[in-house]
$ cat entry-v1.cif   # mmCIF, C-alpha atoms
data_work
#
loop_
_atom_site.label_atom_id
_atom_site.label_comp_id
_atom_site.auth_asym_id
_atom_site.auth_seq_id
_atom_site.Cartn_x
_atom_site.Cartn_y
_atom_site.Cartn_z
CA MET A 1 74.49 0.83 34.89
CA PRO A 2 72.97 -2.67 35.32
CA VAL A 3 70.17 -3.50 37.74
CA LYS A 4 70.28 -6.03 40.54
CA THR A 5 67.81 -8.91 40.80
CA PHE A 6 67.16 -11.17 43.79
CA ARG A 7 66.29 -14.79 44.47
CA PRO A 8 62.55 -15.00 45.27
CA LEU A 9 62.96 -15.90 48.92
CA THR A 10 60.05 -13.60 49.82
CA PRO A 11 57.09 -12.37 47.76
CA SER A 12 58.53 -8.85 47.62
CA THR A 13 61.85 -10.00 46.13
CA ARG A 14 60.28 -12.10 43.39
CA TYR A 15 59.95 -9.22 40.91
CA ILE A 16 61.92 -6.42 42.54
CA THR A 17 64.91 -4.92 40.72
CA ILE A 18 67.21 -2.23 42.09
CA ALA A 19 69.79 -0.02 40.43
CA ASP A 20 73.29 -0.97 41.53
CA TYR A 21 74.48 2.68 41.65
CA SER A 22 77.90 1.66 40.39
CA ASP A 23 78.16 4.92 38.47
CA ILE A 24 77.86 7.05 41.63
CA THR A 25 81.23 8.40 42.78
CA LYS A 26 80.10 10.74 45.58
CA THR A 27 77.45 9.91 48.17
CA ARG A 28 76.74 13.27 49.78
CA PRO A 29 75.70 16.37 47.82
CA GLU A 30 77.35 19.78 47.93
CA LYS A 31 75.81 21.75 50.80
CA ALA A 32 75.83 24.98 48.82
CA LEU A 33 73.90 23.39 45.95
CA VAL A 34 70.95 21.90 47.84
CA GLU A 35 67.87 23.35 49.50
CA ILE A 36 65.12 21.88 51.64
CA ARG A 37 62.10 20.52 49.80
CA LYS A 38 58.97 21.03 51.84
CA LYS A 39 56.31 18.39 51.26
CA THR A 40 52.76 19.49 50.53
CA GLY A 41 50.85 16.24 50.95
CA GLY A 42 48.98 17.19 47.76
CA ARG A 43 47.38 20.18 49.48
CA ASN A 44 47.20 23.81 48.39
CA CYS A 45 47.66 26.95 50.48
CA TYR A 46 44.17 26.48 51.97
CA GLY A 47 44.92 22.94 53.15
CA ARG A 48 42.60 21.35 50.61
CA VAL A 49 43.66 18.25 48.70
CA THR A 50 44.17 19.24 45.07
CA THR A 51 46.28 16.21 44.02
CA ARG A 52 45.28 12.82 45.36
CA GLY A 53 47.67 10.01 46.21
CA ILE A 54 50.48 12.18 47.62
CA GLY A 55 51.80 11.87 51.17
CA GLY A 56 54.56 10.45 53.32
CA GLY A 57 57.78 9.33 51.73
CA HIS A 58 61.42 9.82 52.59
CA LYS A 59 62.88 13.27 53.10
CA GLN A 60 64.49 14.80 50.01
CA LYS A 61 66.60 17.83 49.24
CA LEU A 62 66.40 19.72 45.97
CA ARG A 63 69.59 19.96 43.92
CA LYS A 64 70.16 23.28 42.19
CA VAL A 65 70.85 22.17 38.62
CA ASP A 66 72.39 24.54 36.10
CA PHE A 67 70.13 24.24 33.07
CA LYS A 68 71.32 27.52 31.52
CA ARG A 69 75.04 26.66 31.28
CA ASN A 70 75.82 30.37 31.00
CA LYS A 71 79.49 30.32 32.05
CA HIS A 72 80.63 30.64 28.45
CA GLY A 73 84.27 30.15 27.58
CA MET A 74 85.29 28.88 31.03
CA GLU A 75 86.45 25.27 31.18
CA ALA A 76 85.10 22.99 33.89
CA THR A 77 86.24 19.63 35.22
CA VAL A 78 83.83 16.85 36.18
CA ALA A 79 84.47 16.34 39.90
CA ALA A 80 81.86 13.64 40.64
CA ILE A 81 78.78 11.79 39.44
CA GLU A 82 75.96 12.00 41.99
CA TYR A 83 72.48 10.66 42.67
CA ASP A 84 69.47 12.97 42.62
CA PRO A 85 66.33 11.74 44.42
CA GLY A 86 64.16 14.19 42.51
CA ARG A 87 64.90 13.00 38.98
CA THR A 88 65.65 9.84 37.01
CA ALA A 89 68.97 11.09 35.58
CA ARG A 90 72.29 11.33 37.36
CA LEU A 91 74.01 14.63 38.09
CA ALA A 92 77.57 15.64 37.26
CA LEU A 93 79.31 18.04 39.64
CA LEU A 94 81.38 20.58 37.69
CA ALA A 95 84.30 22.47 39.20
CA TYR A 96 85.14 25.64 37.27
CA LYS A 97 88.53 27.31 37.21
CA ASP A 98 87.26 30.25 39.27
CA GLY A 99 86.30 27.89 42.12
CA GLU A 100 82.54 27.79 41.50
CA LYS A 101 80.75 24.43 41.47
CA ARG A 102 77.56 23.60 39.58
CA TYR A 103 75.39 20.58 38.86
CA ILE A 104 74.45 19.50 35.34
CA ILE A 105 72.60 16.46 34.01
CA ALA A 106 75.14 13.72 33.36
CA PRO A 107 75.11 12.32 29.79
CA VAL A 108 76.08 8.77 28.86
CA GLY A 109 79.84 8.24 28.91
CA LEU A 110 80.78 11.32 30.95
CA GLN A 111 83.58 10.33 33.33
CA VAL A 112 85.14 11.98 36.36
CA GLY A 113 88.05 14.16 35.26
CA ALA A 114 86.56 15.04 31.87
CA ARG A 115 86.79 18.66 30.76
CA ILE A 116 83.73 20.33 29.30
CA LEU A 117 82.91 23.76 27.95
CA SER A 118 79.91 25.86 27.04
CA GLY A 119 79.42 28.74 24.67
CA PRO A 120 79.36 29.44 20.92
CA ALA A 121 83.07 28.64 20.58
CA ALA A 122 82.87 25.23 22.29
CA PRO A 123 83.41 22.15 20.09
CA PRO A 124 80.50 19.70 19.59
CA GLU A 125 81.81 17.15 22.10
CA LEU A 126 80.18 15.13 24.87
CA GLY A 127 78.83 17.33 27.66
CA ASN A 128 79.50 20.63 25.92
CA CYS A 129 76.64 23.13 25.66
CA ILE A 130 76.50 24.94 22.32
CA PRO A 131 73.85 26.69 20.20
CA LEU A 132 71.81 24.55 17.83
CA LYS A 133 73.32 26.31 14.81
CA SER A 134 76.69 24.76 15.76
CA VAL A 135 75.41 21.22 16.35
CA PRO A 136 76.19 18.75 13.51
CA VAL A 137 73.10 17.28 11.84
CA GLY A 138 72.17 13.86 13.20
CA MET A 139 73.93 14.29 16.56
CA PRO A 140 72.03 13.34 19.78
CA ILE A 141 71.39 16.24 22.16
CA HIS A 142 69.54 16.88 25.41
CA ASN A 143 68.70 19.72 27.83
CA ILE A 144 67.33 21.83 24.97
CA GLU A 145 66.14 25.40 25.32
CA LEU A 146 62.75 26.41 23.94
CA PHE A 147 63.50 30.12 24.26
CA PRO A 148 66.96 31.72 24.14
CA GLY A 149 68.39 32.31 27.60
CA ARG A 150 65.62 30.55 29.52
CA GLY A 151 67.60 27.34 30.10
CA GLY A 152 67.04 23.77 29.02
CA GLN A 153 63.44 22.60 29.28
CA MET A 154 63.19 19.59 26.96
CA VAL A 155 64.77 16.11 27.02
CA ARG A 156 66.07 15.91 30.57
CA THR A 157 64.91 12.45 31.72
CA ALA A 158 67.02 9.29 31.95
CA GLY A 159 67.91 7.85 28.54
CA GLY A 160 66.39 10.76 26.65
CA ALA A 161 67.92 12.18 23.48
CA ALA A 162 66.71 14.34 20.63
CA THR A 163 68.16 14.37 17.12
CA LEU A 164 68.90 17.43 15.00
CA MET A 165 67.20 16.80 11.65
CA SER A 166 67.88 19.99 9.70
CA ARG A 167 68.17 23.78 9.86
CA ASP A 168 66.26 26.33 7.80
CA GLU A 169 65.28 30.01 8.07
CA GLY A 170 66.68 30.49 11.57
CA TYR A 171 65.06 27.36 13.02
CA ALA A 172 66.39 23.89 13.78
CA GLN A 173 64.11 20.89 13.33
CA LEU A 174 64.45 18.39 16.17
CA ARG A 175 63.07 14.87 16.50
CA LEU A 176 62.10 14.54 20.14
CA PRO A 177 62.00 11.22 22.07
CA SER A 178 58.21 11.16 21.70
CA GLY A 179 58.55 11.11 17.90
CA GLU A 180 57.39 14.71 17.53
CA ILE A 181 59.35 16.89 15.09
CA ARG A 182 59.50 20.45 16.34
CA LYS A 183 61.09 23.71 15.24
CA VAL A 184 63.31 25.50 17.77
CA PRO A 185 65.26 28.76 17.20
CA GLU A 186 68.79 27.86 16.18
CA ILE A 187 70.25 30.33 18.69
CA CYS A 188 68.89 28.19 21.54
CA TYR A 189 71.43 26.10 23.42
CA ALA A 190 71.55 22.34 23.83
CA THR A 191 73.94 19.85 25.43
CA ILE A 192 75.70 17.20 23.36
CA GLY A 193 74.98 13.55 24.19
CA GLN A 194 72.25 11.30 25.54
CA VAL A 195 71.04 11.56 29.12
CA GLY A 196 72.62 8.87 31.30
CA ASN A 197 71.18 6.18 33.60
CA LEU A 198 69.86 4.17 30.65
CA ASP A 199 68.75 1.22 32.78
CA HIS A 200 66.26 3.26 34.75
CA GLU A 201 63.43 1.87 32.61
CA ASN A 202 64.35 -1.65 33.78
CA VAL A 203 63.86 -0.89 37.48
CA VAL A 204 60.78 -2.63 38.91
CA LEU A 205 59.46 -1.42 42.27
CA GLY A 206 58.14 -4.89 43.06
CA LYS A 207 56.17 -3.99 46.18
CA ALA A 208 53.85 -1.29 47.48
CA GLY A 209 56.33 -0.18 50.12
CA ARG A 210 58.73 1.25 47.56
CA SER A 211 55.95 3.45 46.23
CA ARG A 212 55.28 4.67 49.77
CA HIS A 213 58.97 5.50 50.16
CA ARG A 214 58.54 7.80 47.15
CA GLY A 215 55.55 9.55 48.68
CA ILE A 216 52.97 7.80 46.48
CA ARG A 217 49.83 6.71 48.34
CA PRO A 218 47.29 4.21 46.99
CA VAL A 219 44.23 5.42 45.07
CA ASN A 220 41.39 2.96 44.49
CA ARG A 221 39.51 2.58 41.22
CA GLY A 222 36.39 4.58 40.47
CA VAL A 223 34.38 1.50 39.41
CA ALA A 224 34.98 0.01 42.86
CA ARG A 225 33.26 2.93 44.61
CA ASN A 226 29.65 3.85 45.21
CA PRO A 227 27.72 6.11 42.83
CA VAL A 228 27.80 8.91 45.40
CA ASP A 229 31.59 8.86 45.39
CA HIS A 230 32.43 8.54 41.69
CA PRO A 231 30.65 8.76 38.31
CA ASN A 232 31.81 5.21 37.47
CA GLY A 233 30.70 3.73 40.79
CA GLY A 234 27.80 1.39 41.49
CA GLY A 235 26.37 -1.55 39.58
CA ALA A 236 25.30 -5.05 40.58
CA GLY A 237 28.48 -6.95 41.37
CA LYS A 238 31.50 -6.29 39.23
CA SER A 239 30.31 -3.77 36.69
CA LYS A 240 32.71 -2.33 34.14
CA SER A 241 30.40 0.53 33.23
CA GLY A 242 29.24 1.84 36.57
CA GLY A 243 25.77 0.30 36.47
CA GLY A 244 24.92 1.83 33.08
CA TRP A 245 26.53 2.99 29.87
CA GLN A 246 29.03 5.74 30.54
CA GLN A 247 32.61 6.53 29.71
CA LEU A 248 35.41 6.34 32.24
CA THR A 249 35.90 9.71 33.89
CA SER A 250 37.66 11.39 36.77
CA PRO A 251 35.75 11.93 40.04
CA TRP A 252 34.70 15.31 38.63
CA GLY A 253 33.47 13.99 35.29
CA LEU A 254 36.45 14.75 33.04
CA LEU A 255 36.83 12.07 30.36
CA ALA A 256 39.74 9.75 31.08
CA LYS A 257 40.19 7.96 27.75
CA GLY A 258 40.22 9.30 24.21
CA TYR A 259 39.88 12.94 25.28
CA ARG A 260 42.36 15.35 23.73
CA THR A 261 43.52 17.83 26.32
CA ARG A 262 45.72 20.02 24.10
CA HIS A 263 44.03 23.21 22.97
CA LYS A 264 43.35 23.24 19.23
CA LYS A 265 44.50 26.84 18.82
CA LYS A 266 47.52 26.72 21.11
CA TRP A 267 50.02 29.33 19.93
CA SER A 268 52.97 26.91 19.89
CA ASN A 269 51.26 24.64 17.32
CA ARG A 270 53.05 26.64 14.62
CA PHE A 271 56.38 25.14 15.74
CA ILE A 272 55.23 21.51 15.50
CA VAL A 273 56.02 19.99 12.11
CA VAL A 274 54.96 16.38 12.83
CA ARG A 275 52.95 15.35 15.87
CA ARG A 276 54.04 12.45 18.04
CA ASP A 277 51.31 10.25 16.53
CA GLY A 278 52.84 10.75 13.07
CA ARG A 279 50.30 13.24 11.73
CA ALA A 280 51.70 16.32 10.01
CA MET A 281 50.45 19.65 11.29
CA LYS A 282 48.41 21.70 8.84
CA ALA A 283 50.19 24.80 7.59
CA LYS A 284 48.42 28.10 8.25
#

$ encode --input "entry-v1.cif" --output "structure tokens"
Amino acid sequence: MPVKTFRPLTPSTRYITIADYSDITKTRPEKALVEIRKKTGGRNCYGRVTTRGIGGGHKQKLRKVDFKRNKHGMEATVAAIEYDPGRTARLALLAYKDGEKRYIIAPVGLQVGARILSGPAAPPELGNCIPLKSVPVGMPIHNIELFPGRGGQMVRTAGGAATLMSRDEGYAQLRLPSGEIRKVPEICYATIGQVGNLDHENVVLGKAGRSRHRGIRPVNRGVARNPVDHPNGGGAGKSKSGGGWQQLTSPWGLLAKGYRTRHKKKWSNRFIVVRRDGRAMKAK
């Protein structure tokens, strides 16, 4: 899916790039597979702003995506490739033999009319969902379960793909897109292939209005505020340090740079073999 560029006839079209949507085969979603998404404006149940920079934007409807792929042994036909405003990947509409329709994340190369299957007896082919113990070593996969039966939770964004490195003692070692190598139970399911819409990373918004269409409001820098409004505010003229030596923080004083937010004794550390920065985890 290439992206479209424009002649710089106006300032907003100088850098803007837009997806051409040539891979979309159906413009309207299935009514039975969507639900209304109510916007919060970044506010909690008490009406207080808990997440800044959220508000406005175009109306969106949530697509009910089948991450579990639990119709084992029943063949499905790809009826359409659709757009989802809530995610970077495209969706594939599956039509099962019993008449049910479901959405799945569309991998690269999946075409309308293709037949796919899920379950332990399914072959390791594009779009099929099979347990990790049946996936050939070195094959790209996505929509990976962390716990059996919970549904795919990892590698679901556009262009994402993990690689099966090895299997040992009931676990499969996966290299995730971040570079992290992680152990996952080999009875967990994953989908064969790489997530589609590869050119999403080449899309440039190009103007502030496109951010507003997505519901993203502007947030000014802390160093541009007054000391009463932000820990980094104040200073004579343009001051990079807020008028005195201090590290960059959030409005509530949480360090913004160089601060590790992952808990040192998090229980899932035992499943990480190599961290995404290349450091091996210490065995306990």

$ residues_around --input "entry-v1.cif" --residues "Pro11 in chain A" --least-positions-apart "3" --cutoff "9 Å" --atoms "only C-alpha atoms" --output "MDAnalysis selection string"
chainID A and resid 8 14:15 206:207

$ residues_around --input "entry-v1.cif" --residues "Cys129 in chain A" --least-positions-apart "4" --cutoff "7 Å" --atoms "all atoms listed in the file" --output "PyMOL selection string"
chain A and resi 69+117-119+189-192

$ atom_distance --input "entry-v1.cif" --atom1 "CA of Leu132 in chain A" --atom2 "CA of Ile272 in chain A"
17.0 Å

$ resolve_selection --input "entry-v1.cif" --expression "the PyMOL selection byres ((chain A and resi 183-187) around 8)" --output "PyMOL selection string"
chain A and resi 131-133+146-148+167+170-174+181-182+188-189+271-273

$ resolve_selection --input "entry-v1.cif" --expression "the PyMOL selection byres ((chain A and resi 70) around 9)" --output "PyMOL selection string"
chain A and resi 66-69+71-72+118-119+149+151

$ resolve_selection --input "entry-v1.cif" --expression "the PyMOL selection byres ((chain A and resi 164) around 7)" --output "MDAnalysis selection string"
chainID A and resid 137:139 162:163 165:166 173:175

$ atom_distance --input "entry-v1.cif" --atom1 "CA of Arg275 in chain A" --atom2 "CA of Gly193 in chain A"
23.6 Å

$ residues_around --input "entry-v1.cif" --residues "Lys64 in chain A" --least-positions-apart "2" --cutoff "9 Å" --atoms "only C-alpha atoms" --output "list in words"
Ala32, Leu33, Val34, Glu35, Leu62, Asp66, Arg102, Tyr103 and Ile104 of chain A

$ closest_residue --input "entry-v1.cif" --among "A:Gly196, A:Gly233, A:Pro123, A:Pro140" --to "Gly73 in chain A" --atoms "only C-alpha atoms"
A:Pro123
